[in-house]
file my_file03.cif (mmCIF, C-alpha atoms)
data_run
#
loop_
_atom_site.label_atom_id
_atom_site.label_comp_id
_atom_site.auth_asym_id
_atom_site.auth_seq_id
_atom_site.Cartn_x
_atom_site.Cartn_y
_atom_site.Cartn_z
CA MET A 1 -15.55 -0.18 -33.46
CA GLY A 2 -14.61 0.86 -29.91
CA PHE A 3 -11.88 -1.75 -29.77
CA ALA A 4 -10.39 -0.61 -33.09
CA PHE A 5 -10.50 3.03 -31.97
CA TYR A 6 -8.79 2.50 -28.60
CA PHE A 7 -6.30 0.10 -30.13
CA PHE A 8 -5.42 2.74 -32.71
CA VAL A 9 -5.09 5.50 -30.09
CA SER A 10 -2.85 3.32 -27.91
CA TRP A 11 -0.77 2.24 -30.90
CA LEU A 12 -0.42 5.87 -32.02
CA ILE A 13 0.65 7.22 -28.63
CA THR A 14 3.12 4.33 -28.17
CA ILE A 15 4.68 5.05 -31.56
CA ILE A 16 4.81 8.79 -30.81
CA PHE A 17 6.52 8.05 -27.51
CA THR A 18 8.99 5.66 -29.14
CA LEU A 19 9.93 8.08 -31.92
CA MET A 20 9.92 11.34 -29.96
CA LYS A 21 13.06 12.93 -28.59
CA LYS A 22 12.76 12.09 -24.92
CA LYS A 23 13.87 14.58 -22.32
CA LEU A 24 13.43 12.18 -19.43
CA THR A 25 15.74 9.19 -18.92
CA PHE A 26 14.65 5.57 -19.42
CA VAL A 27 14.46 5.07 -15.65
CA GLU A 28 12.40 8.26 -15.17
CA ASN A 29 9.96 7.31 -17.93
CA SER A 30 9.65 3.82 -16.44
CA PHE A 31 8.99 5.33 -13.02
CA LEU A 32 6.22 7.52 -14.49
CA TYR A 33 4.65 4.59 -16.33
CA LEU A 34 4.61 2.28 -13.31
CA LEU A 35 3.31 4.98 -10.95
CA THR A 36 0.53 6.03 -13.35
CA LEU A 37 -0.44 2.41 -13.92
CA ILE A 38 -0.76 1.69 -10.19
CA ILE A 39 -2.92 4.78 -9.58
CA ASN A 40 -5.03 4.37 -12.70
CA ILE A 41 -5.77 0.67 -12.28
CA ASN A 42 -6.86 1.20 -8.67
CA TYR A 43 -8.92 4.27 -9.54
CA SER A 44 -10.77 2.59 -12.42
CA TRP A 45 -11.39 -0.53 -10.31
CA ILE A 46 -12.77 1.48 -7.38
CA ILE A 47 -15.17 3.62 -9.44
CA SER A 48 -16.40 0.74 -11.58
CA PHE A 49 -16.30 -2.46 -9.52
CA GLU A 50 -16.41 -1.22 -5.92
CA LEU A 51 -18.58 1.92 -6.07
CA LYS A 52 -20.33 0.90 -9.32
CA LEU A 53 -20.49 4.52 -10.48
CA VAL A 54 -19.23 3.64 -13.95
CA ASN A 55 -20.55 0.44 -15.52
CA LEU A 56 -18.33 -1.47 -17.94
CA SER A 57 -19.53 -3.44 -20.94
CA LYS A 58 -19.56 -7.22 -20.55
CA ASP A 59 -18.62 -7.70 -24.20
CA PRO A 60 -15.06 -9.14 -24.24
CA LEU A 61 -13.82 -6.89 -27.06
CA ASP A 62 -15.24 -3.72 -25.48
CA TYR A 63 -13.80 -4.73 -22.13
CA THR A 64 -10.41 -5.28 -23.76
CA ALA A 65 -10.68 -1.80 -25.30
CA PHE A 66 -11.20 -0.39 -21.80
CA MET A 67 -8.17 -2.35 -20.54
CA ILE A 68 -6.00 -1.11 -23.41
CA ASN A 69 -6.86 2.52 -22.68
CA ARG A 70 -6.40 1.98 -18.93
CA SER A 71 -3.03 0.24 -19.17
CA ILE A 72 -1.44 1.74 -22.30
CA GLY A 73 -3.31 4.82 -23.55
CA ILE A 74 -3.57 6.83 -20.33
CA PRO A 75 -0.02 6.20 -18.99
CA PHE A 76 1.64 6.78 -22.36
CA ILE A 77 -0.26 10.05 -22.97
CA LEU A 78 0.96 11.19 -19.56
CA MET A 79 4.56 10.19 -20.38
CA VAL A 80 4.51 11.98 -23.75
CA THR A 81 3.08 15.05 -21.97
CA PHE A 82 5.81 15.10 -19.32
CA ASN A 83 8.55 14.72 -21.93
CA LEU A 84 7.05 17.64 -23.88
CA ILE A 85 6.78 19.73 -20.71
CA LYS A 86 10.46 19.05 -20.00
CA SER A 87 11.39 20.33 -23.46
CA VAL A 88 9.71 23.76 -23.10
CA ASP A 89 11.18 26.60 -21.12
CA SER A 90 8.17 28.49 -19.77
CA ILE A 91 5.61 27.64 -17.11
CA GLY A 92 2.81 28.99 -19.31
CA LYS A 93 3.65 26.56 -22.14
CA SER A 94 3.98 23.70 -19.65
CA VAL A 95 0.54 24.39 -18.16
CA PHE A 96 -0.95 24.70 -21.66
CA ILE A 97 0.50 21.31 -22.67
CA ALA A 98 -0.77 19.71 -19.44
CA VAL A 99 -4.28 21.18 -19.87
CA CYS A 100 -4.48 20.00 -23.51
CA SER A 101 -3.30 16.55 -22.45
CA ILE A 102 -5.91 16.35 -19.65
CA CYS A 103 -8.64 17.38 -22.15
CA VAL A 104 -7.54 14.56 -24.49
CA GLN A 105 -7.61 12.05 -21.61
CA VAL A 106 -11.11 13.15 -20.54
CA LEU A 107 -12.33 13.05 -24.15
CA LEU A 108 -11.02 9.51 -24.54
CA LEU A 109 -12.92 8.39 -21.44
CA LYS A 110 -16.03 10.24 -22.57
CA LEU A 111 -15.91 8.52 -25.98
CA GLY A 112 -16.19 5.21 -24.12
CA THR A 113 -19.89 6.09 -23.61
CA ASN A 114 -20.42 6.66 -27.34
CA PHE A 115 -18.89 3.27 -28.12
CA GLU A 116 -21.04 1.72 -25.34
CA ILE A 117 -17.91 0.49 -23.56
CA THR A 118 -18.85 2.40 -20.41
CA ASN A 119 -22.07 3.70 -18.92
CA ARG A 120 -21.43 6.96 -17.11
CA GLU A 121 -24.93 8.04 -16.12
CA LYS A 122 -23.99 8.19 -12.42
CA TRP A 123 -20.68 9.90 -13.18
CA SER A 124 -19.93 13.55 -13.95
CA ILE A 125 -17.30 14.63 -16.46
CA ILE A 126 -16.07 17.12 -13.83
CA ASN A 127 -14.89 14.13 -11.76
CA ASP A 128 -12.73 13.02 -14.69
CA PHE A 129 -11.13 16.48 -14.96
CA ILE A 130 -10.44 16.49 -11.20
CA TYR A 131 -9.00 12.96 -11.34
CA PHE A 132 -6.62 13.70 -14.21
CA ALA A 133 -5.57 17.05 -12.72
CA LEU A 134 -4.70 15.27 -9.45
CA LEU A 135 -3.01 12.40 -11.32
CA TYR A 136 -0.80 14.86 -13.23
CA VAL A 137 0.07 16.82 -10.07
CA VAL A 138 0.93 13.64 -8.13
CA ALA A 139 3.01 12.33 -11.06
CA PHE A 140 4.78 15.70 -11.43
CA TYR A 141 5.84 15.95 -7.79
CA SER A 142 6.68 12.25 -7.50
CA LEU A 143 8.94 12.59 -10.54
CA LYS A 144 10.53 15.68 -9.02
CA ILE A 145 11.37 13.72 -5.85
CA PHE A 146 12.51 10.70 -7.89
CA ARG A 147 14.92 12.87 -9.90
CA LYS A 148 16.58 14.01 -6.68
CA PHE A 149 17.60 10.39 -6.05
CA ARG A 150 19.73 10.32 -9.17
CA GLN A 151 23.19 8.92 -8.38
CA SER A 152 26.26 8.89 -10.53
CA GLU A 153 28.73 7.00 -8.36
CA ALA A 154 30.97 4.36 -9.90
CA ILE A 155 30.17 0.67 -9.75
CA SER A 156 31.65 -0.91 -6.67
CA ARG A 157 32.07 -4.49 -7.88
CA MET B 1 -13.42 -0.64 2.34
CA ARG B 2 -13.56 -3.66 4.61
CA LEU B 3 -10.46 -4.53 6.64
CA TRP B 4 -10.68 -8.27 6.04
CA GLU B 5 -13.37 -10.92 5.45
CA SER B 6 -11.90 -13.16 8.15
CA PHE B 7 -8.61 -12.75 10.00
CA ASP B 8 -6.85 -16.09 9.74
CA LYS B 9 -3.62 -17.75 8.53
CA ASN B 10 -3.88 -15.86 5.25
CA GLU B 11 -3.65 -12.45 6.90
CA ILE B 12 -0.96 -13.58 9.37
CA SER B 13 1.21 -14.97 6.58
CA LEU B 14 0.84 -11.69 4.65
CA LEU B 15 2.04 -9.76 7.71
CA ILE B 16 5.03 -12.10 8.19
CA ILE B 17 6.01 -11.92 4.51
CA PHE B 18 5.65 -8.13 4.62
CA ALA B 19 7.94 -7.79 7.65
CA ALA B 20 10.55 -10.28 6.37
CA ALA B 21 10.60 -8.96 2.79
CA TYR B 22 10.95 -5.28 3.72
CA PHE B 23 13.57 -6.11 6.36
CA ALA B 24 15.64 -7.91 3.70
CA TYR B 25 14.98 -5.05 1.27
CA PHE B 26 16.37 -2.42 3.64
CA ILE B 27 19.41 -4.60 4.42
CA LEU B 28 20.25 -5.25 0.76
CA ASN B 29 19.31 -1.97 -0.88
CA LYS B 30 22.22 0.11 0.43
CA ARG B 31 24.53 -1.04 -2.37
CA VAL B 32 22.00 -0.25 -5.06
CA ASN B 33 21.48 3.00 -6.96
CA LYS B 34 18.58 4.82 -5.25
CA GLN B 35 16.52 5.24 -8.43
CA VAL B 36 16.98 1.57 -9.34
CA ARG B 37 15.95 0.36 -5.88
CA ILE B 38 12.76 2.47 -6.02
CA LEU B 39 12.08 1.21 -9.54
CA GLY B 40 12.52 -2.41 -8.34
CA LEU B 41 9.88 -1.90 -5.64
CA LEU B 42 7.52 -0.13 -8.00
CA TRP B 43 7.98 -2.82 -10.67
CA GLY B 44 7.06 -5.59 -8.20
CA ILE B 45 3.96 -3.79 -6.96
CA THR B 46 2.83 -2.85 -10.48
CA ILE B 47 3.19 -6.37 -11.86
CA GLY B 48 1.08 -7.75 -9.00
CA ILE B 49 -1.63 -5.14 -9.50
CA LEU B 50 -1.57 -5.34 -13.30
CA PHE B 51 -2.09 -9.10 -13.39
CA ASP B 52 -4.63 -9.23 -10.58
CA PHE B 53 -6.77 -6.46 -12.01
CA THR B 54 -6.54 -7.85 -15.52
CA ILE B 55 -7.00 -11.62 -15.13
CA GLY B 56 -7.96 -11.82 -11.42
CA GLY B 57 -11.04 -9.60 -11.46
CA GLY B 58 -13.60 -7.96 -13.71
CA LEU B 59 -14.56 -9.94 -16.82
CA LEU B 60 -11.61 -12.34 -16.62
CA ASP B 61 -11.91 -13.60 -13.07
CA PHE B 62 -9.54 -16.56 -12.82
CA TYR B 63 -8.76 -16.25 -9.12
CA ARG B 64 -9.50 -14.43 -5.91
CA ILE B 65 -7.22 -12.22 -3.81
CA ASN B 66 -7.41 -12.98 -0.07
CA ASP B 67 -11.01 -13.72 0.97
CA SER B 68 -13.21 -11.87 -1.50
CA ASN B 69 -13.24 -10.12 -4.85
CA HIS B 70 -13.81 -6.79 -3.11
CA TYR B 71 -11.02 -4.51 -2.01
CA GLU B 72 -9.85 -5.25 1.54
CA LEU B 73 -7.18 -3.55 3.61
CA PHE B 74 -5.07 -6.68 3.39
CA ASP B 75 -5.19 -6.56 -0.41
CA ILE B 76 -3.06 -3.41 -0.19
CA LEU B 77 -0.61 -5.27 2.06
CA TYR B 78 -0.68 -8.15 -0.43
CA TYR B 79 0.39 -5.84 -3.28
CA LEU B 80 3.02 -4.15 -1.15
CA ASP B 81 4.44 -7.65 -0.51
CA PHE B 82 5.30 -7.90 -4.21
CA GLY B 83 7.52 -4.81 -4.10
CA PRO B 84 10.67 -6.23 -2.47
CA PHE B 85 10.55 -9.26 -4.76
CA GLY B 86 10.83 -6.99 -7.80
CA PHE B 87 13.87 -5.50 -6.13
CA PHE B 88 15.31 -8.93 -5.20
CA PHE B 89 15.03 -10.00 -8.84
CA PHE B 90 17.06 -6.94 -9.88
CA TYR B 91 19.52 -7.33 -7.02
CA PHE B 92 20.38 -11.00 -7.55
CA TYR B 93 20.43 -10.54 -11.32
CA GLU B 94 23.21 -8.03 -10.75
CA THR B 95 25.11 -9.65 -7.90
CA LEU B 96 24.99 -13.16 -9.41
CA HIS B 97 26.19 -11.67 -12.73
CA ILE B 98 23.32 -13.19 -14.71
CA ASN B 99 24.03 -13.13 -18.45
CA LYS B 100 22.53 -14.46 -21.68
CA LYS B 101 23.69 -18.01 -20.87
CA THR B 102 22.36 -18.12 -17.29
CA PHE B 103 19.19 -16.10 -17.74
CA ILE B 104 17.01 -19.13 -18.60
CA PHE B 105 17.93 -20.84 -15.32
CA TYR B 106 17.46 -17.62 -13.37
CA ALA B 107 13.97 -16.95 -14.83
CA VAL B 108 12.83 -20.56 -14.34
CA ALA B 109 14.11 -20.56 -10.74
CA TRP B 110 12.10 -17.41 -9.96
CA ALA B 111 9.01 -18.86 -11.67
CA ILE B 112 9.30 -22.00 -9.49
CA ILE B 113 9.68 -19.85 -6.36
CA GLY B 114 6.58 -17.90 -7.43
CA VAL B 115 4.52 -21.04 -7.99
CA ALA B 116 5.66 -22.51 -4.67
CA ALA B 117 4.53 -19.35 -2.86
CA GLN B 118 1.05 -19.36 -4.45
CA ARG B 119 -2.04 -21.06 -3.07
CA GLY B 120 -5.45 -21.70 -4.57
CA TYR B 121 -4.46 -20.95 -8.13
CA HIS B 122 -4.12 -23.63 -10.75
CA LEU B 123 -0.51 -24.55 -11.63
CA SER B 124 -1.28 -24.64 -15.35
CA TYR B 125 -2.24 -20.96 -15.16
CA SER B 126 0.29 -19.69 -12.66
CA PHE B 127 3.46 -21.22 -14.09
CA PRO B 128 3.03 -19.62 -17.55
CA VAL B 129 2.09 -16.30 -15.89
CA PHE B 130 5.22 -16.42 -13.73
CA LEU B 131 7.41 -17.35 -16.70
CA VAL B 132 6.09 -14.36 -18.66
CA VAL B 133 6.51 -12.05 -15.66
CA GLN B 134 10.08 -13.18 -14.94
CA THR B 135 11.07 -12.88 -18.60
CA ALA B 136 9.54 -9.40 -18.81
CA THR B 137 11.27 -8.40 -15.56
CA GLY B 138 14.61 -9.70 -16.83
CA SER B 139 14.24 -7.88 -20.16
CA PHE B 140 13.26 -4.67 -18.38
CA PHE B 141 16.17 -4.89 -15.97
CA ALA B 142 18.59 -5.58 -18.84
CA GLN B 143 17.48 -2.23 -20.32
CA VAL B 144 17.97 -0.48 -16.97
CA LYS B 145 21.44 -2.04 -16.63
CA LYS B 146 22.44 -0.74 -20.05
CA ARG B 147 21.72 2.83 -18.96
CA GLU B 148 22.43 3.03 -15.23
CA HIS B 149 25.05 1.94 -12.74
CA VAL B 150 23.11 -0.51 -10.60
CA LEU B 151 25.60 -1.07 -7.80
CA VAL B 152 27.08 2.05 -6.24
CA LYS B 153 29.54 2.92 -3.52
CA ASN B 154 27.92 3.68 -0.19
#
call {"tool": "encode", "arguments": {"input": "my_file03.cif", "output": "structure tokens"}}
result
Amino acid sequence: MGFAFYFFVSWLITIIFTLMKKKLTFVENSFLYLLTLIININYSWIISFELKLVNLSKDPLDYTAFMINRSIGIPFILMVTFNLIKSVDSIGKSVFIAVCSICVQVLLLKLGTNFEITNREKWSIINDFIYFALLYVVAFYSLKIFRKFRQSEAISR
Amino acid sequence: MRLWESFDKNEISLLIIFAAAYFAYFILNKRVNKQVRILGLLWGITIGILFDFTIGGGLLDFYRINDSNHYELFDILYYLDFGPFGFFFFYFYETLHINKKTFIFYAVAWAIIGVAAQRGYHLSYSFPVFLVVQTATGSFFAQVKKREHVLVKN
């Protein structure tokens, strides 16, 4: 059940991203995806396999569900969020979108316990909120710096 | 985090590759669009991390990074080593004018280089992994090329 759920969520967010009118360029979206993936993979590895604060299921299908959310769900939700933020004109709306997105991300992680994919007895939900808030801030400022590197010079072949 | 399990040839070779690869990266990158050169680095690092933390650890543990399955300082260096190679793939794809006819040779050549650089990992696993990675990298870069000027005037 957990696998079907996370597969559906990841499929849905990928389709939404594909069909939505994107305000960021292909290169900027790729940058966001790669950056989020690096941070998220390391974070989930450290809290589960190094510090053993979150225990993962040993069932292959459940473990795959965790991988799908880690590598597709979380980064794509962040990318959809940033494209939406770029399309609104006020800071208030941007913060609202970011907060809603973080709540969805935390809820998705929390549901992992219900599906018995993760065991979070030694882990507080507050930590998840802090992690996602920091992830979004880091991604936001990294993207801001990355956008400054945009060049439009002609090809010099 | 431990620094290393044992400091030997493995760690020394990582340091040498790191120095050589980033030296070459800074020499070559001047002709390349700044966003594309950053993306090349990030692509290389991400691919290394994605594969290692998907099939190299956890439930699917086909191989070991450096000396142990735990995070070591040199693991970070190991992943940073991948970065310039992502960029080199982009760079030579562009400068050698790789197209639909030459892409197969280009991807296979990179896969062979990748296999030759690996140790302690079975060829029957690593060659298919490298082929998939090189094909994905080529497809990704083709999309970047469609949208951005890769080579720029200094």
call {"tool": "resolve_selection", "arguments": {"input": "my_file03.cif", "expression": "the PyMOL selection byres ((chain A) within 10 of (chain B))", "output": "PyMOL selection string"}}
result
chain A and resi 25-28+30-39+41-42+44-46+48-50+56-60+63-64+67+71+146-157
call {"tool": "residues_around", "arguments": {"input": "my_file03.cif", "residues": "A:Leu135", "least_positions_apart": "4", "cutoff": "9 Å", "atoms": "only C-alpha atoms", "output": "NGL selection string"}}
result
:A and (36 or 39-40 or 130-131 or 139-140)
call {"tool": "atom_distance", "arguments": {"input": "my_file03.cif", "atom1": "atom CA of A:Thr18", "atom2": "atom CA of B:Phe90"}}
result
24.4 Å
call {"tool": "resolve_selection", "arguments": {"input": "my_file03.cif", "expression": "the PyMOL selection byres ((chain A and resi 69) around 9)", "output": "list of chain:residue names"}}
result
A:Tyr6, A:Phe7, A:Val9, A:Ser10, A:Thr64, A:Ala65, A:Phe66, A:Met67, A:Ile68, A:Arg70, A:Ser71, A:Ile72, A:Gly73, A:Ile74, A:Pro75, A:Leu108, A:Leu109
call {"tool": "write_last_selection", "arguments": {"input": "my_file03.cif", "atoms": "C-alpha atoms", "output": "mmCIF file, keeping the file's coordinate frame"}}
result
data_model
loop_
_atom_site.group_PDB
_atom_site.id
_atom_site.type_symbol
_atom_site.label_atom_id
_atom_site.label_comp_id
_atom_site.auth_asym_id
_atom_site.auth_seq_id
_atom_site.Cartn_x
_atom_site.Cartn_y
_atom_site.Cartn_z
ATOM 1 C CA TYR A 6 -8.790 2.500 -28.600
ATOM 2 C CA PHE A 7 -6.300 0.100 -30.130
ATOM 3 C CA VAL A 9 -5.090 5.500 -30.090
ATOM 4 C CA SER A 10 -2.850 3.320 -27.910
ATOM 5 C CA THR A 64 -10.410 -5.280 -23.760
ATOM 6 C CA ALA A 65 -10.680 -1.800 -25.300
ATOM 7 C CA PHE A 66 -11.200 -0.390 -21.800
ATOM 8 C CA MET A 67 -8.170 -2.350 -20.540
ATOM 9 C CA ILE A 68 -6.000 -1.110 -23.410
ATOM 10 C CA ARG A 70 -6.400 1.980 -18.930
ATOM 11 C CA SER A 71 -3.030 0.240 -19.170
ATOM 12 C CA ILE A 72 -1.440 1.740 -22.300
ATOM 13 C CA GLY A 73 -3.310 4.820 -23.550
ATOM 14 C CA ILE A 74 -3.570 6.830 -20.330
ATOM 15 C CA PRO A 75 -0.020 6.200 -18.990
ATOM 16 C CA LEU A 108 -11.020 9.510 -24.540
ATOM 17 C CA LEU A 109 -12.920 8.390 -21.440
#
call {"tool": "residues_around", "arguments": {"input": "my_file03.cif", "residues": "stretch 100-115 of chain B", "least_positions_apart": "2", "cutoff": "12 Å", "atoms": "only C-alpha atoms", "output": "PyMOL selection string"}}
result
chain B and resi 48+82+85-86+88-90+92-94+96-98+117-139+141-142
call {"tool": "write_last_selection", "arguments": {"input": "my_file03.cif", "atoms": "C-alpha atoms", "output": "PDB file, in the coordinates of the input"}}
result
ATOM      1  CA  GLY B  48       1.080  -7.750  -9.000  1.00  0.00           C
ATOM      2  CA  PHE B  82       5.300  -7.900  -4.210  1.00  0.00           C
ATOM      3  CA  PHE B  85      10.550  -9.260  -4.760  1.00  0.00           C
ATOM      4  CA  GLY B  86      10.830  -6.990  -7.800  1.00  0.00           C
ATOM      5  CA  PHE B  88      15.310  -8.930  -5.200  1.00  0.00           C
ATOM      6  CA  PHE B  89      15.030 -10.000  -8.840  1.00  0.00           C
ATOM      7  CA  PHE B  90      17.060  -6.940  -9.880  1.00  0.00           C
ATOM      8  CA  PHE B  92      20.380 -11.000  -7.550  1.00  0.00           C
ATOM      9  CA  TYR B  93      20.430 -10.540 -11.320  1.00  0.00           C
ATOM     10  CA  GLU B  94      23.210  -8.030 -10.750  1.00  0.00           C
ATOM     11  CA  LEU B  96      24.990 -13.160  -9.410  1.00  0.00           C
ATOM     12  CA  HIS B  97      26.190 -11.670 -12.730  1.00  0.00           C
ATOM     13  CA  ILE B  98      23.320 -13.190 -14.710  1.00  0.00           C
ATOM     14  CA  ALA B 117       4.530 -19.350  -2.860  1.00  0.00           C
ATOM     15  CA  GLN B 118       1.050 -19.360  -4.450  1.00  0.00           C
ATOM     16  CA  ARG B 119      -2.040 -21.060  -3.070  1.00  0.00           C
ATOM     17  CA  GLY B 120      -5.450 -21.700  -4.570  1.00  0.00           C
ATOM     18  CA  TYR B 121      -4.460 -20.950  -8.130  1.00  0.00           C
ATOM     19  CA  HIS B 122      -4.120 -23.630 -10.750  1.00  0.00           C
ATOM     20  CA  LEU B 123      -0.510 -24.550 -11.630  1.00  0.00           C
ATOM     21  CA  SER B 124      -1.280 -24.640 -15.350  1.00  0.00           C
ATOM     22  CA  TYR B 125      -2.240 -20.960 -15.160  1.00  0.00           C
ATOM     23  CA  SER B 126       0.290 -19.690 -12.660  1.00  0.00           C
ATOM     24  CA  PHE B 127       3.460 -21.220 -14.090  1.00  0.00           C
ATOM     25  CA  PRO B 128       3.030 -19.620 -17.550  1.00  0.00           C
ATOM     26  CA  VAL B 129       2.090 -16.300 -15.890  1.00  0.00           C
ATOM     27  CA  PHE B 130       5.220 -16.420 -13.730  1.00  0.00           C
ATOM     28  CA  LEU B 131       7.410 -17.350 -16.700  1.00  0.00           C
ATOM     29  CA  VAL B 132       6.090 -14.360 -18.660  1.00  0.00           C
ATOM     30  CA  VAL B 133       6.510 -12.050 -15.660  1.00  0.00           C
ATOM     31  CA  GLN B 134      10.080 -13.180 -14.940  1.00  0.00           C
ATOM     32  CA  THR B 135      11.070 -12.880 -18.600  1.00  0.00           C
ATOM     33  CA  ALA B 136       9.540  -9.400 -18.810  1.00  0.00           C
ATOM     34  CA  THR B 137      11.270  -8.400 -15.560  1.00  0.00           C
ATOM     35  CA  GLY B 138      14.610  -9.700 -16.830  1.00  0.00           C
ATOM     36  CA  SER B 139      14.240  -7.880 -20.160  1.00  0.00           C
ATOM     37  CA  PHE B 141      16.170  -4.890 -15.970  1.00  0.00           C
ATOM     38  CA  ALA B 142      18.590  -5.580 -18.840  1.00  0.00           C
TER      39      ALA B 142
END
call {"tool": "resolve_selection", "arguments": {"input": "my_file03.cif", "expression": "the PyMOL selection byres ((chain B and resi 80) around 9)", "output": "ChimeraX atom specification"}}
result
/B:18,41,44-45,48,75-79,81-84
call {"tool": "atom_distance", "arguments": {"input": "my_file03.cif", "atom1": "atom CA of A:Asp62", "atom2": "atom CA of A:Ser124"}}
result
21.3 Å
call {"tool": "atom_distance", "arguments": {"input": "my_file03.cif", "atom1": "atom CA of A:Asn29", "atom2": "atom CA of A:Met79"}}
result
6.6 Å
call {"tool": "closest_residue", "arguments": {"input": "my_file03.cif", "among": "A:Asn114, A:Thr14, A:Asn119, A:Thr81", "to": "A:Met1", "atoms": "only C-alpha atoms"}}
result
A:Asn114
call {"tool": "residues_around", "arguments": {"input": "my_file03.cif", "residues": "A:Glu121", "least_positions_apart": "3", "cutoff": "9 Å", "atoms": "all atoms listed in the file", "output": "PyMOL selection string"}}
result
chain A and resi 53-55+124
call {"tool": "closest_residue", "arguments": {"input": "my_file03.cif", "among": "A:Ala4, A:Tyr43, A:Lys23, A:Ile77", "to": "A:Leu134", "atoms": "only C-alpha atoms"}}
result
A:Tyr43
call {"tool": "axis_aligned_box", "arguments": {"input": "my_file03.cif", "around": "stretch 109-115 of chain A", "padding_each_side": "3 Å", "output": "JSON"}}
result
{"center_x": -16.7, "center_y": 6.8, "center_z": -24.8, "size_x": 13.5, "size_y": 13.0, "size_z": 12.7}
call {"tool": "closest_residue", "arguments": {"input": "my_file03.cif", "among": "B:Ile55, B:Leu14, B:Phe87, B:Phe7", "to": "B:Leu28", "atoms": "only C-alpha atoms"}}
result
B:Phe87
